[in-house]
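Colleague: Encoded as structure tokens, here's the structure I'll be asking about.
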Amino acid sequence: MKLEDKKAIVAEVASVASQSSSLVAAEYAGLTVAQLSELRTLSRKAGVYMRVVRNTLARRAMEGTNFACIQPELVGPLILAFSKEEPGAAARIIKGFAKDNDKLKVKALAIDGQCLPASGLDRLASLPTRDEAISQLMSVMQAPITKFVRTLAAPHGKLVRTFAAFRDMKEAA
């Protein structure tokens with residue numbers, strides 16, 4: 001590989017790393033070309049940038065980014081998956097694919113400058129998507145207003161039920 005090609009790869013990966021919120025590094029030894037193609041297709045659909053890069057080039061690309069903490073973990077044949085939009089997207093793709101393909105093993109995770117052990121994949125994959133987070137926030141914001149309206153309506157409802165009970169008592173008598 002020529003020096004210009006290496007510089008281009010480092011620049012591309014560094015650019016993606018600077019715009020990403022999380023990274024999953026997984027060992028892919030033993031996967032077939034068809035399986036890797038399927039993994040790349042799934043990642044493209046989810047908005048995840050996935051790339052196989054030489055570890056020395058990946059280390060240089062990670063310098064000065066939020067993922068510099070993962071540099072010591074870059075050993076062996078690794079595929080790097082960067083989540084651009086949602087922090088848990090790459091973890092969900094890798095976790096789902098690893099269920100069916102036991103040869104894909106997570107080596108390291110990083111999110112916003114923090115390195116996580118490989119066992120943190122489930123925690124990272126369980127982060128809500130953007131739409132889920134917005135809906136959770138809206139339900140939390142709506143709850144006090146709903147409770148306030150119910151509280152305001154309670155005396156009127158109680159008064160109506162009291163008159164109805166009084167009317168039923170008069171009719172029974």
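Ordering of the structure tokens sets the chain letters (A, B, ...), residue numbers begin anew at 1 in every chain, and ligands are numbered from 1 in the order given.
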Tell me which protein, DNA and RNA residues are within 12 Å of segment 131-148 of chain A, counting only C-alpha atoms, leaving out same-chain ones fewer than 5 positions away, and put them as a ChimeraX atom specification.
Modeller: /A:85-88,126,153-154
Colleague: Restricting it to all heavy atoms, dump the selection as a short mmCIF file (atom, residue, chain, number, x, y, z; two decimals), in the first residue's frame.
Modeller:
```cif
data_model
loop_
_atom_site.label_atom_id
_atom_site.label_comp_id
_atom_site.auth_asym_id
_atom_site.auth_seq_id
_atom_site.Cartn_x
_atom_site.Cartn_y
_atom_site.Cartn_z
N GLU A 85 -25.10 8.43 14.26
CA GLU A 85 -26.29 9.15 14.71
C GLU A 85 -26.73 8.74 16.11
O GLU A 85 -26.93 9.57 16.98
CB GLU A 85 -27.43 8.93 13.72
CG GLU A 85 -27.10 9.48 12.34
CD GLU A 85 -28.04 8.96 11.28
OE1 GLU A 85 -29.03 8.28 11.62
OE2 GLU A 85 -27.78 9.22 10.10
N GLU A 86 -26.91 7.45 16.33
CA GLU A 86 -27.37 6.94 17.62
C GLU A 86 -26.24 6.17 18.29
O GLU A 86 -25.64 5.31 17.67
CB GLU A 86 -28.57 6.01 17.42
CG GLU A 86 -29.75 6.70 16.79
CD GLU A 86 -30.85 5.72 16.43
OE1 GLU A 86 -30.70 4.52 16.74
OE2 GLU A 86 -31.83 6.15 15.84
N PRO A 87 -25.96 6.45 19.54
CA PRO A 87 -24.83 5.79 20.20
C PRO A 87 -24.92 4.27 20.25
O PRO A 87 -23.91 3.59 20.20
CB PRO A 87 -24.86 6.37 21.62
CG PRO A 87 -25.66 7.59 21.53
CD PRO A 87 -26.60 7.44 20.39
N GLY A 88 -26.10 3.72 20.32
CA GLY A 88 -26.24 2.27 20.44
C GLY A 88 -26.41 1.52 19.14
O GLY A 88 -26.54 0.29 19.15
N SER A 126 -28.53 -1.50 24.57
CA SER A 126 -29.86 -1.23 25.14
C SER A 126 -30.17 0.26 25.22
O SER A 126 -31.27 0.62 25.67
CB SER A 126 -29.99 -1.87 26.51
OG SER A 126 -29.12 -1.26 27.42
N ALA A 153 -60.08 17.94 37.87
CA ALA A 153 -61.35 17.33 37.50
C ALA A 153 -61.94 16.49 38.64
O ALA A 153 -63.15 16.22 38.64
CB ALA A 153 -61.17 16.46 36.26
N ALA A 154 -61.14 16.09 39.61
CA ALA A 154 -61.61 15.19 40.67
C ALA A 154 -62.74 15.78 41.51
O ALA A 154 -63.74 15.08 41.75
CB ALA A 154 -60.44 14.80 41.56
#
```
Colleague: Using only C-alpha atoms, which protein or nucleic acid residues come within 12 Å of Lys105 of chain A? Drop anything in the same chain fewer than 5 positions from it, and give the result as number ranges by chain.
Modeller: A: 24-31, 76-80, 91, 94-100, 118-119, 121
Colleague: Keeping only N, CA, C and O atoms, write the selected residues as a compact mmCIF listing (two decimals), in the first residue's frame.
Modeller:
```txt
# COMPACT_ATOMS: atom_id res chain seq x y z
N VAL A 24 -17.43 0.30 18.23
CA VAL A 24 -17.34 -1.09 18.64
C VAL A 24 -16.25 -1.73 17.78
O VAL A 24 -16.30 -1.65 16.55
N ALA A 25 -15.26 -2.33 18.42
CA ALA A 25 -14.19 -3.05 17.72
C ALA A 25 -14.42 -4.54 17.97
O ALA A 25 -14.49 -4.98 19.11
N ALA A 26 -14.56 -5.30 16.87
CA ALA A 26 -14.86 -6.73 17.00
C ALA A 26 -13.90 -7.54 16.14
O ALA A 26 -13.52 -7.12 15.05
N GLU A 27 -13.54 -8.70 16.65
CA GLU A 27 -12.68 -9.62 15.91
C GLU A 27 -13.55 -10.44 14.97
O GLU A 27 -14.53 -11.05 15.41
N TYR A 28 -13.17 -10.48 13.71
CA TYR A 28 -14.00 -11.13 12.70
C TYR A 28 -13.36 -12.37 12.11
O TYR A 28 -13.88 -12.94 11.13
N ALA A 29 -12.27 -12.85 12.65
CA ALA A 29 -11.57 -14.02 12.11
C ALA A 29 -12.50 -15.22 12.08
O ALA A 29 -13.16 -15.55 13.05
N GLY A 30 -12.56 -15.87 10.94
CA GLY A 30 -13.41 -17.05 10.78
C GLY A 30 -14.72 -16.78 10.07
O GLY A 30 -15.42 -17.72 9.70
N LEU A 31 -15.07 -15.52 9.87
CA LEU A 31 -16.31 -15.20 9.15
C LEU A 31 -16.06 -15.30 7.65
O LEU A 31 -14.98 -14.96 7.16
N GLY A 76 -4.90 -7.59 16.58
CA GLY A 76 -5.51 -8.67 15.82
C GLY A 76 -6.41 -8.15 14.72
O GLY A 76 -6.57 -6.94 14.55
N PRO A 77 -7.02 -9.06 13.98
CA PRO A 77 -7.91 -8.65 12.89
C PRO A 77 -9.22 -8.10 13.43
O PRO A 77 -10.01 -8.84 14.01
N LEU A 78 -9.42 -6.81 13.29
CA LEU A 78 -10.61 -6.15 13.85
C LEU A 78 -11.40 -5.43 12.79
O LEU A 78 -10.85 -4.91 11.82
N ILE A 79 -12.69 -5.39 13.01
CA ILE A 79 -13.57 -4.56 12.21
C ILE A 79 -14.07 -3.45 13.14
O ILE A 79 -14.43 -3.70 14.29
N LEU A 80 -14.02 -2.23 12.67
CA LEU A 80 -14.43 -1.08 13.46
C LEU A 80 -15.80 -0.62 13.01
O LEU A 80 -16.03 -0.42 11.82
N ALA A 91 -23.59 -1.10 18.37
CA ALA A 91 -23.67 -2.18 19.35
C ALA A 91 -24.85 -3.11 19.06
O ALA A 91 -24.73 -4.33 19.19
N ILE A 94 -23.86 -5.28 15.95
CA ILE A 94 -22.86 -6.29 16.30
C ILE A 94 -23.47 -7.36 17.21
O ILE A 94 -23.26 -8.56 17.02
N LYS A 95 -24.27 -6.94 18.19
CA LYS A 95 -24.89 -7.89 19.11
C LYS A 95 -25.83 -8.83 18.37
O LYS A 95 -25.81 -10.04 18.58
N GLY A 96 -26.67 -8.27 17.51
CA GLY A 96 -27.60 -9.10 16.75
C GLY A 96 -26.90 -10.06 15.81
O GLY A 96 -27.30 -11.22 15.67
N PHE A 97 -25.84 -9.59 15.18
CA PHE A 97 -25.10 -10.44 14.25
C PHE A 97 -24.31 -11.52 14.99
O PHE A 97 -24.18 -12.64 14.51
N ALA A 98 -23.79 -11.19 16.16
CA ALA A 98 -22.99 -12.14 16.93
C ALA A 98 -23.85 -13.27 17.50
O ALA A 98 -23.32 -14.34 17.81
N LYS A 99 -25.16 -13.04 17.64
CA LYS A 99 -26.04 -14.11 18.13
C LYS A 99 -26.03 -15.30 17.17
O LYS A 99 -26.04 -16.44 17.59
N ASP A 100 -26.05 -14.99 15.87
CA ASP A 100 -26.08 -16.04 14.86
C ASP A 100 -24.69 -16.51 14.44
O ASP A 100 -24.54 -17.60 13.90
N ALA A 118 -15.60 -5.41 26.87
CA ALA A 118 -16.45 -6.09 25.89
C ALA A 118 -17.78 -6.53 26.49
O ALA A 118 -18.78 -6.65 25.79
N SER A 119 -17.79 -6.75 27.80
CA SER A 119 -19.03 -7.17 28.46
C SER A 119 -20.07 -6.05 28.51
O SER A 119 -21.23 -6.29 28.80
N LEU A 121 -21.29 -4.54 26.04
CA LEU A 121 -22.02 -4.48 24.77
C LEU A 121 -23.53 -4.45 24.99
O LEU A 121 -24.23 -3.66 24.35
```
Colleague: I need the strand (DSSP E or B) residues of segment 12-98 of chain A per DSSP on the backbone, written as a list in words.
Modeller: Ser22, Leu23, Val24, Ala25, Ala26, Glu27, Val48, Tyr49, Met50, Arg51, Val52, Leu78, Ile79, Leu80, Ala81, Phe82 and Ser83 of chain A
Colleague: Within 7 Å of Ala81 of chain A, counting only C-alpha atoms, which residues qualify if same-chain residues fewer than 4 places away don't, as a list in words?
Modeller: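 Result of the neighbour search: Leu23, Val24, Ala25, Val48, Tyr49, Met50, Arg51 and Ala90 of chain A.
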Colleague: Hey, what's within 10 Å of Lys6 of chain A if we count only C-alpha atoms and toss same-chain stuff fewer than 6 positions away? As a PyMOL selection string, please?
Modeller: chain A and resi 12+53-54+57
Colleague: Which of segment 16-156 of chain A end up as alpha helix (DSSP H) when DSSP is run on this backbone - answer as a PyMOL selection string?
Modeller: chain A and resi 16-19+33-46+55-62+89-100+121-125+130-156
Colleague: By how many Å are atom CA of Pro72 of chain A and atom CA of Lys107 of chain A apart?
Modeller: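 Atom-to-atom, atom CA of Pro72 of chain A and atom CA of Lys107 of chain A are spaced 11.0 Å apart.
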Colleague: Within 9 Å of Gly120 of chain A, counting only C-alpha atoms, which residues qualify if same-chain residues fewer than 4 places away don't, as a PyMOL selection string?
Modeller: chain A and resi 108-109+116+124-125
Colleague: Only all heavy atoms, please: the residues just picked out, written as a PDB file, in the first residue's frame.
Modeller:
```pdb
ATOM      1  N   ALA A 108     -13.563  -4.469  22.135  1.00  0.00           N
ATOM      2  CA  ALA A 108     -13.563  -3.218  22.891  1.00  0.00           C
ATOM      3  C   ALA A 108     -14.718  -2.332  22.455  1.00  0.00           C
ATOM      4  O   ALA A 108     -15.206  -2.429  21.328  1.00  0.00           O
ATOM      5  CB  ALA A 108     -12.246  -2.486  22.693  1.00  0.00           C
ATOM      6  N   LEU A 109     -15.127  -1.457  23.359  1.00  0.00           N
ATOM      7  CA  LEU A 109     -16.185  -0.479  23.112  1.00  0.00           C
ATOM      8  C   LEU A 109     -15.709   0.872  23.609  1.00  0.00           C
ATOM      9  O   LEU A 109     -14.949   0.955  24.558  1.00  0.00           O
ATOM     10  CB  LEU A 109     -17.448  -0.838  23.885  1.00  0.00           C
ATOM     11  CG  LEU A 109     -18.020  -2.234  23.754  1.00  0.00           C
ATOM     12  CD1 LEU A 109     -19.029  -2.480  24.848  1.00  0.00           C
ATOM     13  CD2 LEU A 109     -18.666  -2.397  22.414  1.00  0.00           C
ATOM     14  N   LEU A 116     -15.057   0.963  27.400  1.00  0.00           N
ATOM     15  CA  LEU A 116     -15.843  -0.007  28.152  1.00  0.00           C
ATOM     16  C   LEU A 116     -15.305  -1.398  27.848  1.00  0.00           C
ATOM     17  O   LEU A 116     -14.794  -1.633  26.750  1.00  0.00           O
ATOM     18  CB  LEU A 116     -17.319   0.060  27.743  1.00  0.00           C
ATOM     19  CG  LEU A 116     -18.029   1.387  27.919  1.00  0.00           C
ATOM     20  CD1 LEU A 116     -19.423   1.316  27.329  1.00  0.00           C
ATOM     21  CD2 LEU A 116     -18.114   1.746  29.390  1.00  0.00           C
ATOM     22  N   LEU A 124     -24.617  -0.995  26.118  1.00  0.00           N
ATOM     23  CA  LEU A 124     -24.563  -0.012  25.039  1.00  0.00           C
ATOM     24  C   LEU A 124     -25.661  -0.276  24.009  1.00  0.00           C
ATOM     25  O   LEU A 124     -26.277   0.653  23.487  1.00  0.00           O
ATOM     26  CB  LEU A 124     -23.183  -0.032  24.366  1.00  0.00           C
ATOM     27  CG  LEU A 124     -22.900   1.001  23.303  1.00  0.00           C
ATOM     28  CD1 LEU A 124     -23.057   2.415  23.850  1.00  0.00           C
ATOM     29  CD2 LEU A 124     -21.497   0.827  22.743  1.00  0.00           C
ATOM     30  N   ALA A 125     -25.924  -1.545  23.726  1.00  0.00           N
ATOM     31  CA  ALA A 125     -26.958  -1.889  22.751  1.00  0.00           C
ATOM     32  C   ALA A 125     -28.356  -1.565  23.258  1.00  0.00           C
ATOM     33  O   ALA A 125     -29.277  -1.370  22.464  1.00  0.00           O
ATOM     34  CB  ALA A 125     -26.868  -3.368  22.391  1.00  0.00           C
TER      35      ALA A 125
END
```
Colleague: Using only C-alpha atoms for the distances, tell me which of A:Lys158, A:Ser21, A:Lys170, A:Val75 is nearest to Gln114 of chain A.
Modeller: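 Closest residue, counting only C-alpha atoms: A:Ser21.
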Colleague: Which residue out of A:Ala17, A:Ala110, A:Met1, A:Val160 has the minimum interatomic distance to Glu73 of chain A when only C-alpha atoms are used?
Modeller: A:Ala110
